[in-house]
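Participant: I have a structure here, written as structure tokens, and I will follow up with some questions on it.
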Amino acid sequence: MHALRRSRGNLGRLASTEVNQLAEDCAQDALLAILQHLDEFRGESRFTTWVYSFAINIALVAARREGWKRVPLDQVIDNPHLDEWTAGEGRAPADPHRRTLQSETLAVIREAIDHHLSDRQQQALKAIFFEGVPLDEIARHWGSNRNAVYKLLHDARRKLKARLEERGFGVKETLDLFGGER
Amino acid sequence: MTRPDFDSLLRHIWATEEEEISCTECFDLVPQYVDREIAGLAADKKLSRLRQHLNQCGVCREEYEALHDLARLEAEGRLPSTDELRNSF
């Protein structure tokens, strides 16, 4: 219940009785998971903290699923529409140097995404960073798992980082470039 | 479509390490990390890679924050009752 309360945004559509039922279902699933993994507890944390971690994971995964249930993920995830989302920010910075640097950085990111990332990596990147889709939901949509999607994204980030560095862009010049001015 | 968050993307790119732990490894380490934080103990070296994963992974981070919150309430003797939680929906 504690975890579900924190995820109220995902559960807005549900009546309180439905939330209660969801909590009951999650509690049962958590109990099963805890019993299944009981022999893995090594005493490196408090037992209650370890137990809570299962319950929280199960509850928040369920809450995210509920929150994204009605979103057509095949449209959101499977068709990245690169032209739209790398066309640039809505408002360009006033400072001309900053504006130039922003558009150059975007061009490098765009080129790296187009030529160095797989289709899946492009889809996952866009879903996470531009559509706010939780990683769990991407994994579920693809019939995959959280670890696999994280690894896919990690590899994508490594490639983008390498490409930016190869082209002479560093963290100092590019950080705050898109967040500094609104 | 929401506005692309390039600022967030760049921060994540620059914080990328060659080796990063998986979500499963993160899940295994989070309980001891939370307990150490609540006890005011410094995280040891192996937990620094956990912190890096939490900065990169939104779902793991959300679960860590919920666990930290709950464990802290328990440590302070302030766990909410089931009725209080039910009434909050």
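Going by the structure tokens order, chains are called A, B, ..., each with residues numbered from 1, while ligands are numbered from 1 in the order shown.
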Residues of chain B within 9 Å of chain A, counting only C-alpha atoms, what are they? List them as JSON, numbers by chain.
Facilitator: {"B": [1, 2, 3, 4, 5, 6, 7, 8, 9, 10, 11, 12, 13, 14, 16, 17, 18, 19, 20, 22, 23, 24, 27, 28, 29, 30, 31, 32, 33, 34, 35, 36, 56, 57, 58, 59, 60, 62, 63, 64, 66, 67, 68, 70, 71, 80, 82, 85, 86, 87, 88, 89]}
Participant: Any chance you could export the current selection's C-alpha atoms as a PDB file, in the first residue's frame?
Facilitator:
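Written out: part23.pdb:
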ATOM      1  CA  MET B   1       4.439  13.599 -28.058  1.00  0.00           C
ATOM      2  CA  THR B   2       6.095  15.291 -25.135  1.00  0.00           C
ATOM      3  CA  ARG B   3       8.926  17.760 -25.601  1.00  0.00           C
ATOM      4  CA  PRO B   4      12.202  15.874 -26.081  1.00  0.00           C
ATOM      5  CA  ASP B   5      14.353  16.091 -22.958  1.00  0.00           C
ATOM      6  CA  PHE B   6      17.807  16.521 -24.483  1.00  0.00           C
ATOM      7  CA  ASP B   7      19.166  17.910 -21.239  1.00  0.00           C
ATOM      8  CA  SER B   8      18.346  14.653 -19.467  1.00  0.00           C
ATOM      9  CA  LEU B   9      19.670  12.587 -22.375  1.00  0.00           C
ATOM     10  CA  LEU B  10      23.004  14.422 -22.349  1.00  0.00           C
ATOM     11  CA  ARG B  11      23.358  14.089 -18.574  1.00  0.00           C
ATOM     12  CA  HIS B  12      22.782  10.367 -18.864  1.00  0.00           C
ATOM     13  CA  ILE B  13      25.218  10.076 -21.763  1.00  0.00           C
ATOM     14  CA  TRP B  14      27.994  11.864 -19.890  1.00  0.00           C
ATOM     15  CA  THR B  16      27.738   6.584 -18.662  1.00  0.00           C
ATOM     16  CA  GLU B  17      30.439   4.192 -17.480  1.00  0.00           C
ATOM     17  CA  GLU B  18      32.016   1.398 -19.515  1.00  0.00           C
ATOM     18  CA  GLU B  19      30.798  -1.156 -16.987  1.00  0.00           C
ATOM     19  CA  GLU B  20      27.461  -0.735 -15.275  1.00  0.00           C
ATOM     20  CA  SER B  22      22.329  -4.681 -14.055  1.00  0.00           C
ATOM     21  CA  CYS B  23      18.902  -4.060 -12.547  1.00  0.00           C
ATOM     22  CA  THR B  24      19.061  -7.477 -10.864  1.00  0.00           C
ATOM     23  CA  PHE B  27      17.919  -5.009  -6.633  1.00  0.00           C
ATOM     24  CA  ASP B  28      20.231  -7.310  -4.645  1.00  0.00           C
ATOM     25  CA  LEU B  29      22.313  -4.399  -3.300  1.00  0.00           C
ATOM     26  CA  VAL B  30      19.618  -1.794  -2.576  1.00  0.00           C
ATOM     27  CA  PRO B  31      18.460  -3.171   0.821  1.00  0.00           C
ATOM     28  CA  GLN B  32      21.953  -2.927   2.357  1.00  0.00           C
ATOM     29  CA  TYR B  33      22.493   0.465   0.710  1.00  0.00           C
ATOM     30  CA  VAL B  34      19.252   1.791   2.209  1.00  0.00           C
ATOM     31  CA  ASP B  35      20.069   0.429   5.668  1.00  0.00           C
ATOM     32  CA  ARG B  36      23.542   2.002   5.583  1.00  0.00           C
ATOM     33  CA  GLN B  56      20.767   5.955 -14.833  1.00  0.00           C
ATOM     34  CA  CYS B  57      17.705   3.782 -14.204  1.00  0.00           C
ATOM     35  CA  GLY B  58      14.408   5.539 -13.468  1.00  0.00           C
ATOM     36  CA  VAL B  59      12.482   2.452 -12.383  1.00  0.00           C
ATOM     37  CA  CYS B  60      15.201   1.192 -10.035  1.00  0.00           C
ATOM     38  CA  GLU B  62      11.803   4.947  -7.964  1.00  0.00           C
ATOM     39  CA  GLU B  63      11.878   1.636  -6.101  1.00  0.00           C
ATOM     40  CA  TYR B  64      14.962   2.618  -4.119  1.00  0.00           C
ATOM     41  CA  ALA B  66      10.140   4.015  -1.933  1.00  0.00           C
ATOM     42  CA  LEU B  67      12.233   1.475  -0.012  1.00  0.00           C
ATOM     43  CA  HIS B  68      14.290   4.211   1.634  1.00  0.00           C
ATOM     44  CA  LEU B  70       9.540   2.870   4.129  1.00  0.00           C
ATOM     45  CA  ALA B  71      12.699   1.723   5.913  1.00  0.00           C
ATOM     46  CA  PRO B  80       1.524   3.992   8.727  1.00  0.00           C
ATOM     47  CA  THR B  82      -3.140  -0.280   6.820  1.00  0.00           C
ATOM     48  CA  LEU B  85      -2.880   3.890   3.854  1.00  0.00           C
ATOM     49  CA  ARG B  86      -6.312   2.759   2.626  1.00  0.00           C
ATOM     50  CA  ASN B  87      -7.840   6.112   3.570  1.00  0.00           C
ATOM     51  CA  SER B  88      -5.166   7.985   1.674  1.00  0.00           C
ATOM     52  CA  PHE B  89      -6.516   6.760  -1.689  1.00  0.00           C
TER      53      PHE B  89
END
Participant: Quick check, in Å to one decimal: how far apart do atom CA of A:Asp25 and atom CA of A:Ala62 lie?
Facilitator: 9.6 Å
Participant: Quick one: residues within 9 Å of B:Cys26, only C-alpha atoms, excluding same-chain residues fewer than 6 positions away - as a PyMOL selection string?
Facilitator: chain B and resi 49-51+53-54+60
